[in-house]
Amino acid sequence: MPTTKGYITFTPEELTTTFQTYREQLIIQPMLAMSTALQHMSVRTGIRYRETVSEMSGKFQLGNYKKDKLGSGNVSVEGRVFETFFGNCIEPIDPNAIYQTIWGSNITKGDGLKNVPIVLAVCAYIMAQLGENLYLNLWTAKHDGTKFDETASFFNGLKTIIDNDIAGTNDSATVKISADLGNLMTSTDSISKDNAEDVIKNFFWSRNEILRGQQLKYFMSDLTYHYYTEAYQMNHGSLPYNQTYDKRTLEGASNVELVPLSNVPADFLLLTPKSNIYCLYNQQTDDEKYICEKSLNNHYDVDFIANMFFGTQFESVSNKVFSVYEKTAA
C-alpha cells in the first residue's frame, strides 16, 4: 500500500482479491461512467444473451349500438429482442501509471467508494474506463463478430438498431420504422443555426398525438442543441420571459425534456419516453469476471481481465411511443 504520493506497491494478488471483495461496487462503475446518458434511459439487468419482450396492437373502438355488430378481432402480438453481447477485455496495465492518473480525480468520490485504499481506486478507474468507451459508442456501435479489440464492434448501438428497423434487417425481417408508419421523418438538409428551431419544433408537433402527450426525452447531439439555443436567442431574444440562455424543455411543450448528448450522431433526433429506451446489462451471473494477474509479458505490469454482457434496445418503436428524425442522402 502507498505511504506517500508517487510511491505505490501492491501485487496482482491484491488487485484480484480487491475485485472479488468489492465486486458489487465495481461492477456498477461502467454504469456510473455512463450516467450522463443513463439518467435519461432505463436500465435492465439480468439479460444474458437474448430475451424477447412482446407488444400487443389492435384497433378497438366504441361506436353507436348495433345488435349484430361484430369486429374483426385483429390483434397482433409482436416481439422485440433484448440482446446483450458477451465481450471481454484483456489488457496489461502499469499500476504506477494508473496511480498517477487517478490522483486527485473524482473517480472514487461516489458514495460507495469514499476514502478507499488505492488498490480499490485502481480497480474502480479501470472499470470506469470500460464505461466511458461504452458511452462513446452507445448510439453508433455495430456488432461485428470478426473484430475483437474495439467497443465500436462489440454491441449494437441505439442508432444501429434504428437503422436495422428502417432497413428491415432486424429479427423479424420487416420494416418497423418508416414515414408511412408515422415514426420516421427524414430530410436532406443538415441541422444548422439557421433552421434548428424550426426543425426541432416542427418534428415534435408533426408526431402522433398520443406520443406528444407523454413525458418525453428529446435526444439530440450537443451541437444540435447549441444550434437550437443560438437560434432561439436570435429569434426571440426580446421576449420578456426569455431570461436564460439554457433551454431544458421544448418551447410550448413543457412535457418534453431536451437531452443533448455528445455521443448522439449529428442531424439526428429521437422522441421517446425514458421507459422505452434501454441499456441492457447482466451483472448477475458468475461468467462476468474481473480479475488481475501477474503479466505474462512484463515483470512490472499486471494483466487486467474482464468479461461483460452489454446491449441496447427499445421496448417498442410504435409511433405512440417512438419517433426519429434523421438526415438522408440528397
# chains A, B, ... in the order shown; residues from 1 in each chain; ligands from 1
call {"tool": "select_by_dssp", "arguments": {"residues": "stretch 113-214 of chain A", "states": "alpha helix (DSSP H)", "output": "ChimeraX atom specification"}}
result
/A:118-136,158-167,196-205,209-212
call {"tool": "closest_atom_pairs", "arguments": {"of": "stretch 123-159 of chain A", "to": "stretch 17-35 of chain A", "cutoff": "6 Å", "atoms": "only C-alpha atoms", "output": "CSV"}}
result
residue,atom,partner,partner_atom,distance
A:Ala124,CA,A:Leu26,CA,6.0
A:Met127,CA,A:Gln29,CA,5.7
A:Ala128,CA,A:Pro30,CA,4.9
A:Leu130,CA,A:Pro30,CA,5.9
A:Gly131,CA,A:Pro30,CA,3.6
A:Glu132,CA,A:Ala33,CA,5.6
A:Tyr135,CA,A:Met34,CA,5.4
call {"tool": "residues_around", "arguments": {"residues": "stretch 198-206 of chain A", "least_positions_apart": "4", "cutoff": "10 Å", "atoms": "only C-alpha atoms", "output": "NGL selection string"}}
result
:A and (182 or 184-187 or 190-192 or 194 or 211-212 or 218 or 220 or 224-225 or 228 or 231-232 or 250-253 or 256 or 258 or 269-271 or 323-325)
call {"tool": "residues_around", "arguments": {"residues": "A:Ser42", "least_positions_apart": "3", "cutoff": "9 Å", "atoms": "only C-alpha atoms", "output": "ChimeraX atom specification"}}
result
/A:38-39,274-280
call {"tool": "closest_residue", "arguments": {"among": "A:Ile162, A:Ile305, A:Arg248, A:Asn319", "to": "A:Ile210", "atoms": "only C-alpha atoms"}}
result
A:Asn319
call {"tool": "atom_distance", "arguments": {"atom1": "atom CA of A:Glu257", "atom2": "atom CA of A:Gly157"}}
result
21.9 Å
call {"tool": "atom_distance", "arguments": {"atom1": "atom CA of A:Thr272", "atom2": "atom CA of A:Tyr49"}}
result
24.8 Å
call {"tool": "atom_distance", "arguments": {"atom1": "atom CA of A:Glu197", "atom2": "atom CA of A:Thr229"}}
result
8.1 Å
call {"tool": "residues_around", "arguments": {"residues": "stretch 140-153 of chain A", "least_positions_apart": "3", "cutoff": "12 Å", "atoms": "only C-alpha atoms", "output": "VMD selection string"}}
result
chain A and resid 83 to 91 129 to 137 156 to 164 263 to 266 268 308 310 to 312
call {"tool": "residues_around", "arguments": {"residues": "A:Glu288", "least_positions_apart": "4", "cutoff": "8 Å", "atoms": "only C-alpha atoms", "output": "JSON, numbers by chain"}}
result
{"A": [283, 284, 306, 307, 308, 309]}
